[in-house]
Amino acid sequence: MTEASLPPLPQIGPVTRRPPVGGPPRTWQTGTVVEIRDETPRMKTFRLSLAEGAVHVPGQHLMVRLTAPDGYTAQRSYSIASAPGEGSEVELMVERLVDGEVSGYLHDELRVGDSLEVRGPFGGWFVWNGRSPALLVGGGSGVVPLMSMLRHHRAAGITQPMRLVVSVRSPEDLPFADEYAEETTLIFTRRTPDGWARPAGRLDAATLEPLLIDGATAYVCGSTGFAEHASQLLVSLGAPVGSVRVERYGPTS
Ligand SMILES: Cc1cc2nc3c(=O)[nH]c(=O)nc-3n(C[C@H](O)[C@H](O)[C@H](O)COP(=O)(O)OP(=O)(O)OC[C@H]3O[C@@H](n4cnc5c(N)ncnc54)[C@H](O)[C@@H]3O)c2cc1C
């Protein structure tokens with residue numbers, strides 16, 4: 001999919017009640033699981049074929065709803081990991097949390113051929129349409145929307161500069177491990193691969209500073225603690241506050 005064929009982004013302007021661009025597609029639809037891949041011991045990619053399709057902009061997320069036989073429902077947001085332009089198929093990548101109601105079900109119960117209710121895509125701020133340089137900073141499963149941006153950058157042959165920083169605890173915790181190239185800097189906070197030049201430790205200013213790109217929008221995604229830390233580092237290194245977009249996934253750091 002080319003940049004020109006992505007749907008227009010929502011604009012901030014006078015608030016009026018009108019259907020979103022492209023009509024009111026945000027009703028629930030069925031996603032059939034067509035593939036499940038292990039990314040790490042705690043992370044899985046789920047490839048869904050959507051009955052009605054869903055054209056997304058990298059950075060957006062879907063809502064997933066589970067309904068129990070007694071009618072109880074639980075819904076959670078999951079970022080889209082795939083690039084736009086894969087027909088009616090999208091990929092989600094879910095980390096299994098201890099005692100996680102929805103992530104536990106997706107990991108333990110969901111099989112190829114099963115159906116899920118999904119709605120979206122949602123998100124009009126944490127999105128990259130390919131028209132500006134981008135510095136992507138993700139912690140753990142927070143790399144998911146950034147992977148959609150990176151995949152789109154490659155698939156559409158976009159020439160805007162892009163750099164990606166991925167922070168994980170150990171090599172075993174790294175999702176999408178085969179997909180990183182020279183644009184990516186990997187940070188291991190607890191344990192590094194053998195012979196890794198940078199000692200284990202959290203993302204710091206010395207690592208981030210050389211990666212800054214003039215005029216870039218920064219996209220920071222991860223746990224609340226990671227997102228606060230990384231966005232504060234960016235601002236302390238001179239990134240304009242308005243150029244840093246943050247998405248927080250959960251309550252823990
Ligand atoms: C816009 C958006 C996009 C998201 N995209 C993704 C994604 O692509 N992949 C992904 O794996 N998750 C993503 N999340 C997080 C996801 O929506 C759920 O919060 C997560 O899967 C936990 O749900 P659960 O039902 O399994 O856990 P719950 O049953 O809700 O919680 C179980 C325990 O984990 C704690 N907890 C809840 N959420 C988190 C969290 N995110 N991190 C750490 N602890 C938590 C709770 O406090 C509780 O103690 C996204 C969140 C948002 C807001």
# chains A, B, ... in the order shown; residues from 1 in each chain; ligands from 1
call {"tool": "closest_atom_pairs", "arguments": {"of": "chain A", "to": "ligand 1", "cutoff": "7 Å", "atoms": "only C-alpha atoms and all ligand atoms", "output": "Markdown table"}}
result
| residue | atom | partner | partner_atom_place_in_ligand_line | distance |
| --- | --- | --- | --- | --- |
| A:His61 | CA | ligand 1 | 3 (C) | 5.8 |
| A:Arg76 | CA | ligand 1 | 17 (O) | 4.3 |
| A:Ser77 | CA | ligand 1 | 17 (O) | 4.0 |
| A:Tyr78 | CA | ligand 1 | 5 (N) | 3.5 |
| A:Ser79 | CA | ligand 1 | 8 (O) | 3.9 |
| A:Ile80 | CA | ligand 1 | 8 (O) | 6.4 |
| A:Leu92 | CA | ligand 1 | 8 (O) | 6.1 |
| A:Met93 | CA | ligand 1 | 9 (N) | 5.2 |
| A:Val94 | CA | ligand 1 | 11 (O) | 3.5 |
| A:Glu95 | CA | ligand 1 | 11 (O) | 3.8 |
| A:Arg96 | CA | ligand 1 | 26 (O) | 6.4 |
| A:Leu97 | CA | ligand 1 | 26 (O) | 5.4 |
| A:Val98 | CA | ligand 1 | 33 (C) | 6.2 |
| A:Asp99 | CA | ligand 1 | 32 (C) | 5.0 |
| A:Gly100 | CA | ligand 1 | 26 (O) | 3.1 |
| A:Glu101 | CA | ligand 1 | 29 (O) | 3.8 |
| A:Val102 | CA | ligand 1 | 25 (O) | 3.6 |
| A:Ser103 | CA | ligand 1 | 26 (O) | 3.6 |
| A:Gly104 | CA | ligand 1 | 26 (O) | 5.6 |
| A:Ser141 | CA | ligand 1 | 9 (N) | 5.4 |
| A:Gly142 | CA | ligand 1 | 7 (C) | 6.6 |
| A:Val144 | CA | ligand 1 | 8 (O) | 5.1 |
| A:Pro145 | CA | ligand 1 | 8 (O) | 6.7 |
| A:Ser223 | CA | ligand 1 | 42 (N) | 5.8 |
| A:Glu247 | CA | ligand 1 | 1 (C) | 6.5 |
| A:Arg248 | CA | ligand 1 | 53 (C) | 6.2 |
| A:Tyr249 | CA | ligand 1 | 51 (C) | 4.0 |
| A:Gly250 | CA | ligand 1 | 41 (N) | 3.3 |
| A:Pro251 | CA | ligand 1 | 45 (C) | 5.5 |
| A:Thr252 | CA | ligand 1 | 43 (C) | 4.9 |
call {"tool": "residues_around", "arguments": {"residues": "Pro41 (chain A)", "least_positions_apart": "3", "cutoff": "8 Å", "atoms": "only C-alpha atoms", "output": "list of chain:residue names"}}
result
A:Asp38, A:Glu172, A:Asp173
call {"tool": "residues_around", "arguments": {"residues": "Arg190 (chain A)", "least_positions_apart": "5", "cutoff": "12 Å", "atoms": "only C-alpha atoms", "output": "MDAnalysis selection string"}}
result
chainID A and resid 167:173 198:203
call {"tool": "closest_residue", "arguments": {"among": "A:Pro133, A:Gly139, A:Gly85, A:Gly225", "to": "Leu212 (chain A)", "atoms": "only C-alpha atoms"}}
result
A:Pro133
call {"tool": "closest_residue", "arguments": {"among": "A:Leu164, A:Leu186, A:Ala51, A:Val118", "to": "Val64 (chain A)", "atoms": "only C-alpha atoms"}}
result
A:Val118
call {"tool": "closest_residue", "arguments": {"among": "A:Val57, A:Met147, A:Ala205, A:Ala134", "to": "Tyr219 (chain A)", "atoms": "only C-alpha atoms"}}
result
A:Ala134
call {"tool": "select_by_dssp", "arguments": {"residues": "region 27-118 of chain A", "states": "strand (DSSP E or B)", "output": "VMD selection string"}}
result
chain A and resid 29 to 40 43 to 50 61 to 67 73 to 80 89 to 95 115 to 118
call {"tool": "write_last_selection", "arguments": {"atoms": "C-alpha atoms", "output": "tab-separated table (two decimals), in the first residue's frame"}}
result
chain	number	residue	atom	x	y	z
A	29	GLN	CA	-17.02	-7.64	13.26
A	30	THR	CA	-15.67	-11.16	13.22
A	31	GLY	CA	-11.97	-11.88	12.95
A	32	THR	CA	-11.07	-15.47	12.16
A	33	VAL	CA	-7.68	-16.63	13.41
A	34	VAL	CA	-5.70	-17.83	10.39
A	35	GLU	CA	-2.25	-18.15	12.02
A	36	ILE	CA	-0.67	-18.09	15.47
A	37	ARG	CA	3.10	-17.64	15.87
A	38	ASP	CA	5.19	-17.73	19.01
A	39	GLU	CA	7.32	-14.58	19.27
A	40	THR	CA	8.78	-15.23	22.72
A	43	MET	CA	4.28	-13.23	23.36
A	44	LYS	CA	2.28	-14.51	20.42
A	45	THR	CA	1.29	-13.07	17.08
A	46	PHE	CA	-2.30	-13.69	16.00
A	47	ARG	CA	-3.12	-13.22	12.32
A	48	LEU	CA	-6.80	-12.46	11.80
A	49	SER	CA	-8.89	-12.42	8.68
A	50	LEU	CA	-11.54	-9.75	9.19
A	61	HIS	CA	-5.29	-0.38	17.51
A	62	LEU	CA	-8.27	-2.71	17.50
A	63	MET	CA	-10.62	-3.47	20.35
A	64	VAL	CA	-11.02	-7.19	21.07
A	65	ARG	CA	-14.14	-8.40	22.89
A	66	LEU	CA	-14.56	-11.79	24.55
A	67	THR	CA	-18.02	-13.00	25.56
A	73	THR	CA	-17.83	-9.64	28.33
A	74	ALA	CA	-14.29	-8.32	28.58
A	75	GLN	CA	-12.66	-6.05	26.05
A	76	ARG	CA	-9.11	-4.82	25.60
A	77	SER	CA	-7.16	-2.75	23.07
A	78	TYR	CA	-4.44	-4.36	20.93
A	79	SER	CA	-2.24	-2.44	18.52
A	80	ILE	CA	-2.03	-3.63	14.96
A	89	GLU	CA	-5.85	-9.55	7.26
A	90	VAL	CA	-4.19	-7.93	10.26
A	91	GLU	CA	-1.77	-9.13	12.90
A	92	LEU	CA	-1.97	-8.50	16.63
A	93	MET	CA	0.85	-9.37	19.02
A	94	VAL	CA	-0.16	-10.08	22.60
A	95	GLU	CA	1.95	-10.48	25.71
A	115	SER	CA	-13.33	-16.36	15.85
A	116	LEU	CA	-12.89	-13.17	17.80
A	117	GLU	CA	-15.04	-10.06	17.92
A	118	VAL	CA	-13.04	-6.98	16.97
call {"tool": "closest_residue", "arguments": {"among": "A:Leu150, A:Leu135, A:Val55, A:Ile158", "to": "Thr217 (chain A)", "atoms": "only C-alpha atoms"}}
result
A:Leu135
call {"tool": "closest_residue", "arguments": {"among": "A:Arg163, A:Arg245, A:His107, A:Arg151", "to": "Ala227 (chain A)", "atoms": "only C-alpha atoms"}}
result
A:Arg245
call {"tool": "select_by_dssp", "arguments": {"residues": "region 74-193 of chain A", "states": "helix (DSSP H, G or I)", "output": "JSON, numbers by chain"}}
result
{"A": [101, 102, 103, 104, 105, 106, 107, 108, 140, 141, 142, 143, 144, 145, 146, 147, 148, 149, 150, 151, 152, 153, 154, 155, 171, 172, 173, 177, 178, 179]}
call {"tool": "closest_residue", "arguments": {"among": "A:Met162, A:Val235, A:Val112, A:Val244", "to": "Thr184 (chain A)", "atoms": "only C-alpha atoms"}}
result
A:Met162
call {"tool": "residues_around", "arguments": {"residues": "Met149 (chain A)", "least_positions_apart": "6", "cutoff": "9 Å", "atoms": "only C-alpha atoms", "output": "list in words"}}
result
Val57, Pro58, Gly59, Ala81, Ser82, Ala83, Val127, Trp128, Asn129, Gly130 and Leu136 of chain A
